[in-house]
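Structure file model_27.txt (compact mmCIF, C-alpha atoms) is printed below.
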# COMPACT_ATOMS: atom_id res chain seq x y z
CA MET A 1117 -54.39 -8.94 -31.37
CA THR A 1118 -57.22 -11.39 -32.01
CA THR A 1119 -59.57 -11.44 -34.98
CA ALA A 1120 -62.49 -10.83 -32.64
CA LYS A 1121 -60.83 -7.63 -31.45
CA ARG A 1122 -60.24 -6.52 -35.04
CA ASP A 1123 -63.88 -7.11 -35.82
CA THR A 1124 -64.95 -4.82 -33.04
CA TYR A 1125 -62.74 -1.96 -34.19
CA THR A 1126 -64.79 1.22 -34.09
CA PRO A 1127 -64.05 4.76 -35.27
CA GLU A 1128 -63.77 5.60 -31.54
CA THR A 1129 -61.01 3.10 -30.74
CA LEU A 1130 -59.19 3.98 -33.97
CA LEU A 1131 -59.32 7.63 -32.94
CA SER A 1132 -57.81 6.95 -29.53
CA VAL A 1133 -54.93 4.98 -31.09
CA ALA A 1134 -54.36 7.70 -33.70
CA VAL A 1135 -54.22 10.47 -31.07
CA GLN A 1136 -51.56 8.58 -29.16
CA VAL A 1137 -49.46 8.09 -32.28
CA PHE A 1138 -49.88 11.75 -33.28
CA ASN A 1139 -48.76 12.84 -29.80
CA ASP A 1140 -45.76 10.48 -29.80
CA ARG A 1141 -44.47 11.09 -33.34
CA GLY A 1142 -45.96 14.48 -34.14
CA TYR A 1143 -48.77 14.80 -36.69
CA ASP A 1144 -46.35 15.60 -39.55
CA GLY A 1145 -44.19 12.61 -38.68
CA THR A 1146 -47.11 10.13 -38.69
CA SER A 1147 -47.89 8.08 -41.81
CA MET A 1148 -50.88 5.82 -42.50
CA GLU A 1149 -48.34 3.01 -42.14
CA HIS A 1150 -47.60 4.07 -38.54
CA LEU A 1151 -51.33 4.26 -37.78
CA SER A 1152 -51.95 0.87 -39.33
CA LYS A 1153 -49.16 -0.72 -37.26
CA ALA A 1154 -50.25 0.92 -34.01
CA ALA A 1155 -53.90 -0.04 -34.53
CA GLY A 1156 -53.04 -3.56 -35.66
CA ILE A 1157 -55.33 -3.29 -38.70
CA SER A 1158 -54.61 -2.84 -42.38
CA LYS A 1159 -54.50 0.54 -44.07
CA SER A 1160 -57.55 -0.38 -46.14
CA SER A 1161 -59.46 -1.11 -42.92
CA ILE A 1162 -58.55 2.38 -41.70
CA TYR A 1163 -59.77 3.85 -45.00
CA HIS A 1164 -63.02 2.00 -44.39
CA HIS A 1165 -63.54 4.27 -41.35
CA VAL A 1166 -61.94 7.57 -42.41
CA SER A 1167 -60.67 9.34 -45.51
CA GLY A 1168 -57.13 9.63 -44.13
CA LYS A 1169 -55.01 10.96 -41.30
CA GLU A 1170 -56.29 14.52 -41.68
CA GLU A 1171 -59.84 13.35 -40.91
CA LEU A 1172 -58.51 11.61 -37.78
CA LEU A 1173 -56.79 14.84 -36.76
CA ARG A 1174 -59.99 16.81 -37.33
CA ARG A 1175 -62.04 14.39 -35.25
CA ALA A 1176 -59.47 14.37 -32.46
CA VAL A 1177 -59.07 18.14 -32.14
CA SER A 1178 -62.86 18.54 -32.52
CA ARG A 1179 -63.31 16.41 -29.45
CA ALA A 1180 -61.00 18.74 -27.48
CA LEU A 1181 -62.54 21.91 -28.91
CA ASP A 1182 -66.12 20.72 -28.37
CA GLY A 1183 -65.28 19.97 -24.74
CA LEU A 1184 -63.80 23.42 -24.25
CA PHE A 1185 -66.55 25.36 -26.06
CA ALA A 1186 -69.27 23.46 -24.17
CA ILE A 1187 -67.92 25.08 -20.98
CA LEU A 1188 -68.97 28.49 -22.27
CA ASP A 1189 -72.61 27.34 -22.43
CA GLU A 1190 -72.69 26.05 -18.84
CA GLU A 1191 -74.81 27.98 -16.38
CA GLY A 1192 -71.76 28.94 -14.31
CA ALA A 1193 -70.22 30.56 -17.39
CA CYS A 1194 -73.38 32.48 -18.31
CA ALA A 1195 -74.93 33.74 -15.07
CA GLY A 1196 -73.48 35.98 -12.38
CA ARG A 1197 -70.63 38.46 -12.19
CA ALA A 1198 -67.96 38.21 -14.88
CA VAL A 1199 -65.22 37.37 -12.35
CA ASP A 1200 -67.23 34.41 -11.04
CA ARG A 1201 -68.04 33.24 -14.56
CA LEU A 1202 -64.33 33.49 -15.36
CA GLU A 1203 -63.45 31.43 -12.31
CA HIS A 1204 -65.98 28.79 -13.37
CA VAL A 1205 -64.45 28.68 -16.87
CA VAL A 1206 -60.86 28.41 -15.56
CA ARG A 1207 -61.79 25.59 -13.22
CA ARG A 1208 -63.72 23.71 -15.92
CA MET A 1209 -60.94 24.21 -18.49
CA VAL A 1210 -58.59 22.33 -16.18
CA GLU A 1211 -61.15 19.56 -15.68
CA VAL A 1212 -61.78 19.19 -19.43
CA LEU A 1213 -58.05 19.28 -20.14
CA ILE A 1214 -57.49 16.41 -17.71
CA ALA A 1215 -60.58 14.42 -18.80
CA GLU A 1216 -59.57 14.72 -22.47
CA LEU A 1217 -55.81 14.83 -21.87
CA PRO A 1218 -54.51 13.23 -25.12
CA TYR A 1219 -57.00 15.19 -27.25
CA VAL A 1220 -56.18 18.56 -25.68
CA THR A 1221 -52.45 17.73 -25.81
CA LEU A 1222 -52.79 17.19 -29.57
CA LEU A 1223 -54.80 20.42 -29.94
CA LEU A 1224 -52.09 22.41 -28.14
CA ARG A 1225 -49.39 20.97 -30.42
CA VAL A 1226 -51.14 21.78 -33.70
CA ARG A 1227 -48.86 23.89 -35.88
CA GLY A 1228 -50.82 25.08 -38.92
CA ASN A 1229 -49.32 23.16 -41.88
CA THR A 1230 -52.67 21.84 -43.16
CA ALA A 1231 -56.17 23.29 -43.57
CA THR A 1232 -57.39 21.24 -40.59
CA GLU A 1233 -54.56 22.52 -38.40
CA ARG A 1234 -55.26 26.13 -39.41
CA TRP A 1235 -58.95 25.61 -38.67
CA ALA A 1236 -58.07 24.20 -35.22
CA LEU A 1237 -55.77 27.16 -34.48
CA GLU A 1238 -58.55 29.53 -35.52
CA ARG A 1239 -61.04 27.87 -33.17
CA ARG A 1240 -58.46 27.92 -30.35
CA ARG A 1241 -57.95 31.64 -30.89
CA ASP A 1242 -61.73 32.10 -30.86
CA PHE A 1243 -61.95 30.28 -27.51
CA ASP A 1244 -59.06 32.32 -26.10
CA HIS A 1245 -60.80 35.54 -27.16
CA ARG A 1246 -64.02 34.53 -25.44
CA VAL A 1247 -62.13 33.89 -22.19
CA ALA A 1248 -60.18 37.15 -22.58
CA GLY A 1249 -63.59 38.86 -23.04
CA LEU A 1250 -64.70 37.56 -19.64
CA LEU A 1251 -61.50 38.86 -18.06
CA LYS A 1252 -62.06 42.25 -19.70
CA ALA A 1253 -65.62 42.35 -18.37
CA ALA A 1254 -64.40 41.43 -14.87
CA ALA A 1255 -61.83 44.25 -15.09
CA ALA A 1256 -64.58 46.68 -16.16
CA ASP A 1257 -66.60 45.59 -13.10
CA GLY A 1258 -63.56 46.42 -10.95
CA ASP A 1259 -63.45 42.81 -9.72
CA VAL A 1260 -59.94 41.98 -10.97
CA ARG A 1261 -56.78 43.95 -10.36
CA GLY A 1262 -56.21 46.81 -12.77
CA ASP A 1263 -52.40 46.65 -12.78
CA VAL A 1264 -52.02 43.59 -15.02
CA GLU A 1265 -52.91 44.14 -18.66
CA VAL A 1266 -55.80 41.87 -19.80
CA ARG A 1267 -54.01 40.31 -22.78
CA LEU A 1268 -50.92 39.56 -20.71
CA ALA A 1269 -52.99 38.10 -17.85
CA THR A 1270 -54.91 35.92 -20.33
CA ARG A 1271 -51.68 34.55 -21.79
CA LEU A 1272 -50.20 33.81 -18.38
CA VAL A 1273 -53.34 32.09 -17.10
CA PHE A 1274 -53.60 29.99 -20.28
CA GLY A 1275 -49.88 29.26 -19.90
CA MET A 1276 -50.42 27.87 -16.42
CA ILE A 1277 -53.44 25.80 -17.46
CA ASN A 1278 -51.95 24.47 -20.69
CA SER A 1279 -48.71 23.48 -18.96
CA ILE A 1280 -50.67 20.74 -17.20
CA VAL A 1281 -50.45 18.56 -20.35
CA GLU A 1282 -46.67 18.51 -19.88
CA TRP A 1283 -46.64 16.81 -16.48
CA TYR A 1284 -50.09 15.45 -15.58
CA ARG A 1285 -50.16 11.65 -15.75
CA PRO A 1286 -53.52 10.08 -14.82
CA GLU A 1287 -51.87 6.75 -13.93
CA SER A 1288 -49.55 8.26 -11.30
CA ARG A 1289 -52.20 8.62 -8.56
CA GLY A 1290 -51.37 12.27 -8.00
CA ALA A 1291 -54.00 14.98 -7.71
CA SER A 1292 -57.36 14.33 -9.43
CA GLY A 1293 -58.82 16.62 -12.09
CA PRO A 1294 -61.01 18.55 -9.63
CA GLU A 1295 -58.06 18.86 -7.18
CA VAL A 1296 -55.82 20.37 -9.85
CA ALA A 1297 -58.74 22.59 -10.92
CA ASP A 1298 -59.10 23.85 -7.34
CA ALA A 1299 -55.36 24.54 -7.09
CA VAL A 1300 -55.35 26.50 -10.35
CA ALA A 1301 -58.44 28.50 -9.36
CA ARG A 1302 -56.91 29.38 -5.98
CA LEU A 1303 -53.58 30.43 -7.47
CA VAL A 1304 -55.08 32.39 -10.36
CA PHE A 1305 -57.72 34.24 -8.36
CA ALA A 1306 -56.26 34.58 -4.87
CA GLY A 1307 -52.53 33.95 -5.31
CA LEU A 1308 -50.00 32.08 -3.20
CA ARG A 1309 -49.46 34.62 -0.45
CA GLN A 1310 -51.46 34.11 2.72
CA ALA A 1311 -53.86 37.05 3.05
CA MET B 587 -22.07 37.14 -46.26
CA THR B 588 -18.72 38.85 -46.83
CA THR B 589 -15.30 37.37 -46.23
CA ALA B 590 -14.65 40.05 -43.63
CA LYS B 591 -17.68 38.88 -41.69
CA ARG B 592 -16.52 35.26 -41.89
CA ASP B 593 -13.15 36.26 -40.56
CA THR B 594 -14.73 37.78 -37.47
CA TYR B 595 -16.73 34.65 -36.63
CA THR B 596 -16.43 33.99 -32.91
CA PRO B 597 -17.61 31.10 -30.74
CA GLU B 598 -20.23 33.55 -29.44
CA THR B 599 -21.79 34.34 -32.83
CA LEU B 600 -21.61 30.67 -33.84
CA LEU B 601 -23.47 29.80 -30.64
CA SER B 602 -26.26 32.27 -31.31
CA VAL B 603 -26.75 30.88 -34.84
CA ALA B 604 -26.70 27.30 -33.55
CA VAL B 605 -29.32 28.01 -30.89
CA GLN B 606 -31.65 29.46 -33.49
CA VAL B 607 -31.24 26.40 -35.74
CA PHE B 608 -31.72 24.01 -32.79
CA ASN B 609 -34.93 25.85 -31.82
CA ASP B 610 -36.25 25.86 -35.41
CA ARG B 611 -35.42 22.26 -36.39
CA GLY B 612 -35.13 20.57 -33.02
CA TYR B 613 -31.72 19.44 -31.72
CA ASP B 614 -32.18 15.87 -33.04
CA GLY B 615 -33.15 17.18 -36.47
CA THR B 616 -30.09 19.46 -36.78
CA SER B 617 -26.97 18.24 -38.63
CA MET B 618 -23.56 19.90 -38.89
CA GLU B 619 -24.57 20.57 -42.50
CA HIS B 620 -27.55 22.65 -41.31
CA LEU B 621 -25.32 24.56 -38.88
CA SER B 622 -22.72 25.18 -41.55
CA LYS B 623 -25.36 26.54 -43.97
CA ALA B 624 -27.02 28.75 -41.37
CA ALA B 625 -23.69 30.14 -40.16
CA GLY B 626 -22.38 30.61 -43.69
CA ILE B 627 -19.07 28.94 -42.81
CA SER B 628 -17.66 25.52 -43.63
CA LYS B 629 -18.06 22.53 -41.36
CA SER B 630 -14.29 22.47 -40.81
CA SER B 631 -14.45 26.08 -39.63
CA ILE B 632 -17.09 25.05 -37.11
CA TYR B 633 -14.88 22.18 -35.94
CA HIS B 634 -12.14 24.77 -35.45
CA HIS B 635 -14.35 26.29 -32.70
CA VAL B 636 -16.13 23.28 -31.20
CA SER B 637 -15.96 19.50 -31.17
CA GLY B 638 -19.45 19.12 -32.65
CA LYS B 639 -23.11 19.96 -32.21
CA GLU B 640 -23.28 18.43 -28.73
CA GLU B 641 -20.68 20.93 -27.49
CA LEU B 642 -22.78 23.75 -28.96
CA LEU B 643 -25.83 22.37 -27.15
CA ARG B 644 -23.88 22.19 -23.89
CA ARG B 645 -22.65 25.76 -24.20
CA ALA B 646 -26.13 27.00 -25.08
CA VAL B 647 -28.01 25.32 -22.25
CA SER B 648 -25.17 26.24 -19.85
CA ARG B 649 -25.79 29.88 -20.63
CA ALA B 650 -29.48 29.46 -19.68
CA LEU B 651 -28.71 27.38 -16.59
CA ASP B 652 -25.95 29.72 -15.38
CA GLY B 653 -28.36 32.64 -15.69
CA LEU B 654 -31.01 30.82 -13.68
CA PHE B 655 -28.68 29.49 -10.97
CA ALA B 656 -27.06 32.92 -10.53
CA ILE B 657 -30.47 34.17 -9.33
CA LEU B 658 -30.24 31.91 -6.29
CA ASP B 659 -27.05 33.70 -5.18
CA GLU B 660 -28.54 37.18 -5.40
CA GLU B 661 -29.11 39.00 -2.12
CA GLY B 662 -32.88 39.03 -2.66
CA ALA B 663 -32.85 35.24 -2.90
CA CYS B 664 -30.73 34.76 0.23
CA ALA B 665 -31.90 37.30 2.80
CA GLY B 666 -35.31 37.82 4.34
CA ARG B 667 -38.45 35.73 4.72
CA ALA B 668 -38.79 32.72 2.43
CA VAL B 669 -41.92 34.10 0.75
CA ASP B 670 -40.11 37.32 -0.19
CA ARG B 671 -37.06 35.38 -1.41
CA LEU B 672 -39.41 33.24 -3.49
CA GLU B 673 -41.03 36.32 -4.99
CA HIS B 674 -37.59 37.69 -5.87
CA VAL B 675 -36.68 34.40 -7.57
CA VAL B 676 -39.96 34.23 -9.54
CA ARG B 677 -39.54 37.80 -10.77
CA ARG B 678 -35.91 37.27 -11.76
CA MET B 679 -36.67 33.94 -13.46
CA VAL B 680 -39.01 35.80 -15.81
CA GLU B 681 -36.37 38.48 -16.44
CA VAL B 682 -33.65 35.91 -17.17
CA LEU B 683 -36.01 33.91 -19.38
CA ILE B 684 -36.73 37.01 -21.46
CA ALA B 685 -33.11 38.26 -21.50
CA GLU B 686 -31.87 34.82 -22.62
CA LEU B 687 -35.01 33.83 -24.54
CA PRO B 688 -33.52 31.52 -27.24
CA TYR B 689 -31.21 29.82 -24.72
CA VAL B 690 -33.96 29.16 -22.18
CA THR B 691 -36.31 28.05 -24.99
CA LEU B 692 -33.72 25.46 -26.01
CA LEU B 693 -33.24 24.36 -22.39
CA LEU B 694 -36.98 23.83 -21.97
CA ARG B 695 -37.14 21.68 -25.12
CA VAL B 696 -34.28 19.35 -24.18
CA ARG B 697 -35.50 15.75 -24.25
CA GLY B 698 -32.76 13.50 -22.85
CA ASN B 699 -31.47 11.51 -25.83
CA THR B 700 -27.79 12.38 -25.26
CA ALA B 701 -25.54 12.67 -22.20
CA THR B 702 -25.58 16.47 -22.52
CA GLU B 703 -29.37 16.54 -22.63
CA ARG B 704 -29.62 14.28 -19.59
CA TRP B 705 -27.14 16.50 -17.75
CA ALA B 706 -29.25 19.58 -18.66
CA LEU B 707 -32.44 17.89 -17.44
CA GLU B 708 -30.69 16.96 -14.20
CA ARG B 709 -29.59 20.57 -13.61
CA ARG B 710 -33.11 21.82 -14.43
CA ARG B 711 -34.55 19.41 -11.88
CA ASP B 712 -31.98 20.64 -9.35
CA PHE B 713 -33.05 24.25 -9.97
CA ASP B 714 -36.74 23.31 -9.70
CA HIS B 715 -36.05 21.57 -6.36
CA ARG B 716 -34.30 24.63 -4.99
CA VAL B 717 -37.29 26.80 -5.88
CA ALA B 718 -39.71 24.21 -4.48
CA GLY B 719 -37.61 24.30 -1.28
CA LEU B 720 -38.23 28.03 -0.95
CA LEU B 721 -41.97 27.47 -1.40
CA LYS B 722 -41.89 24.75 1.25
CA ALA B 723 -40.06 27.09 3.65
CA ALA B 724 -42.61 29.84 2.97
CA ALA B 725 -45.42 27.37 3.71
CA ALA B 726 -43.71 26.37 6.97
CA ASP B 727 -43.56 30.08 7.90
CA GLY B 728 -47.33 30.25 7.28
CA ASP B 729 -46.76 32.91 4.62
CA VAL B 730 -48.30 31.01 1.70
CA ARG B 731 -51.70 29.37 1.58
CA GLY B 732 -51.83 25.87 3.00
CA ASP B 733 -54.55 24.52 0.71
CA VAL B 734 -52.40 24.07 -2.40
CA GLU B 735 -49.87 21.25 -2.23
CA VAL B 736 -46.27 22.52 -2.64
CA ARG B 737 -45.30 20.25 -5.52
CA LEU B 738 -48.46 21.07 -7.45
CA ALA B 739 -48.03 24.81 -6.82
CA THR B 740 -44.40 24.63 -7.99
CA ARG B 741 -45.43 22.90 -11.22
CA LEU B 742 -48.18 25.41 -11.92
CA VAL B 743 -45.96 28.43 -11.24
CA PHE B 744 -43.19 27.00 -13.43
CA GLY B 745 -45.86 26.27 -16.04
CA MET B 746 -46.92 29.91 -16.11
CA ILE B 747 -43.35 31.20 -16.25
CA ASN B 748 -42.09 28.72 -18.84
CA SER B 749 -45.10 29.35 -21.11
CA ILE B 750 -43.62 32.79 -21.79
CA VAL B 751 -41.18 31.26 -24.31
CA GLU B 752 -44.21 30.24 -26.40
CA TRP B 753 -45.52 33.74 -27.04
CA TYR B 754 -43.01 36.39 -25.98
CA ARG B 755 -41.45 38.11 -28.98
CA PRO B 756 -38.92 40.84 -28.13
CA GLU B 757 -39.37 42.52 -31.52
CA SER B 758 -43.15 43.01 -31.11
CA ARG B 759 -42.89 46.01 -28.73
CA GLY B 760 -45.18 44.39 -26.18
CA ALA B 761 -44.43 44.34 -22.47
CA SER B 762 -40.75 44.53 -21.43
CA GLY B 763 -39.03 41.87 -19.34
CA PRO B 764 -39.55 43.72 -16.04
CA GLU B 765 -43.21 44.42 -16.95
CA VAL B 766 -43.90 40.73 -17.59
CA ALA B 767 -41.99 39.89 -14.40
CA ASP B 768 -44.24 42.29 -12.43
CA ALA B 769 -47.37 40.75 -13.96
CA VAL B 770 -46.24 37.21 -13.10
CA ALA B 771 -45.30 38.20 -9.54
CA ARG B 772 -48.68 39.89 -9.00
CA LEU B 773 -50.65 36.95 -10.38
CA VAL B 774 -48.63 34.28 -8.57
CA PHE B 775 -48.52 35.97 -5.18
CA ALA B 776 -51.70 38.04 -4.99
CA GLY B 777 -53.96 36.59 -7.71
CA LEU B 778 -56.31 38.22 -10.18
CA ARG B 779 -59.20 38.99 -7.87
CA GLN B 780 -59.37 42.49 -6.47
CA ALA B 781 -58.88 42.23 -2.71
Please express the file's structure as structure tokens.
Amino acid sequence: MTTAKRDTYTPETLLSVAVQVFNDRGYDGTSMEHLSKAAGISKSSIYHHVSGKEELLRRAVSRALDGLFAILDEEGACAGRAVDRLEHVVRRMVEVLIAELPYVTLLLRVRGNTATERWALERRRDFDHRVAGLLKAAAADGDVRGDVEVRLATRLVFGMINSIVEWYRPESRGASGPEVADAVARLVFAGLRQA
Amino acid sequence: MTTAKRDTYTPETLLSVAVQVFNDRGYDGTSMEHLSKAAGISKSSIYHHVSGKEELLRRAVSRALDGLFAILDEEGACAGRAVDRLEHVVRRMVEVLIAELPYVTLLLRVRGNTATERWALERRRDFDHRVAGLLKAAAADGDVRGDVEVRLATRLVFGMINSIVEWYRPESRGASGPEVADAVARLVFAGLRQA
């Protein structure tokens, strides 16, 4: 790593290194020493940018959460029948998950040992409730099947979406974000079986 | 723990304690000391039953794998149209996952650091391929939609099913195994949207 590169270190690049280390070692298993080594800068240089690893965690999960919450303000999530708004949200969740893969991966692995982790879990629950609310509204409209309980359906749909972080690798030239989003929307709303 | 209870220690009860410790601490993070403490018996008593923690891991993941592979020999998985056999397998996978929850949880967390872990991953891949084969056959029959690629659909369906280990708690009086299996089968094959 050259001096020039060190000079251009920004909070943004530091964040992307930190997220990778957190995902590889686990947040609990990561020390400032690990971050310093991975970033190729001294610990005091890191402290120049942030107060410590918990601030890096907060920034990283905020990026994931902000991306997810922004979906709920999109026109497709606000106008129209609940079932169509839900489909928009499901599709966009997949796209955001893939666009912000390391950040959402970290968010989904948060455990709740620190105040920042508990705050992230709370915001995740809040997001889940808002999506479950859409599903409930779609059920009230009679637009989704009545024989699968709303809470169970929400968990299963989130399970399918969140599982993408386990196998999706952007470098492997598989399906693109929008292609995976299409596949998820088709499976979730219309199912596998040919009508 | 009474002496009487220690006397009745069987490989079966030792296995169920070991699986719980592996799931709590991670397999890598579990020592014979941890197992001995959790089981309330000496390390030498454990060695009386098994050669070490890797044998316990092998027995535990074998129980999960045997349960899953047995599904493929059931009549519902062997006779009839591929799409119906696939639906049988999906439904039974959920039931086995819930009936053997700690064992399947452990299987899904296996990483591949030891020979036993690599063997377990290999058998999991083999099972996944067999299920993907059913989906491919159903697609060839024209019974499942053609606009979702088979490998992607397989991953997403497994993602939904496997996510159950993250939230299903038998003690919480929620949905039973067959109820969750019904919900998964409805979502996967017919989708959320009211026809």
If we count all atoms listed in the file and set the cut-off at 12 Å, which residues sit around A:Ala1193, ignoring sequence neighbours fewer than 4 positions away in its own chain? Please answer as an MDAnalysis selection string. chainID A and resid 1184:1189 1197:1209 1246:1247 1250
Rank B:Ala665, B:Ile627, B:Ala650, B:Ala767 by their smallest atom-to-atom distance to chain A, using only C-alpha atoms, and report the top residue only.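 Nearest candidate to chain A out of B:Ala665, B:Ile627, B:Ala650, B:Ala767: B:Ala767.
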Excluding A:Arg1227 and its own-chain neighbours fewer than 2 positions away, which residues fall within 12 Å of it when counting only C-alpha atoms? Please give them as a list in words. Gly1142, Tyr1143, Asp1144, Leu1222, Leu1223, Leu1224, Arg1225, Asn1229, Thr1230, Ala1231, Thr1232, Glu1233, Arg1234, Trp1235, Ala1236, Leu1237, Glu1238 and Arg1240 of chain A
Two-atom distance - atom CA of A:Arg1271, atom CA of A:Asp1244 (Å):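 So the two atoms, atom CA of A:Arg1271 and atom CA of A:Asp1244, lie 8.8 Å apart.
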May I ask you to extract the residues of chain A within 9 Å of chain B, using all atoms listed in the file, and to give them as number ranges by chain? A: 1199, 1258-1265, 1268-1269, 1271-1280, 1282-1283, 1291, 1296, 1298-1300, 1302-1311
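What separates atom CA of A:Gly1192 from atom CA of A:Pro1218 is a distance of 25.7 Å.
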List the residues sitting within 10 Å of (-58.4, 1.4, -35.5) in the file's frame, using only C-alpha atoms, as a list in words. Arg1122, Thr1124, Tyr1125, Thr1126, Pro1127, Glu1128, Thr1129, Leu1130, Leu1131, Ser1132, Val1133, Ala1134, Leu1151, Ser1152, Lys1153, Ala1154, Ala1155, Gly1156, Ile1157, Ser1158, Lys1159, Ser1161, Ile1162, Tyr1163, His1165 and Val1166 of chain A
Rounded to one decimal, what separation in Å do you get between atom CA of A:Val1212 and atom CA of A:Arg1179? 10.5 Å
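With only C-alpha atoms as the atoms that count, the residue of A:Arg1141, A:Thr1270, A:Arg1285, A:Ser1147 with the shortest distance to A:Phe1243 is A:Thr1270.
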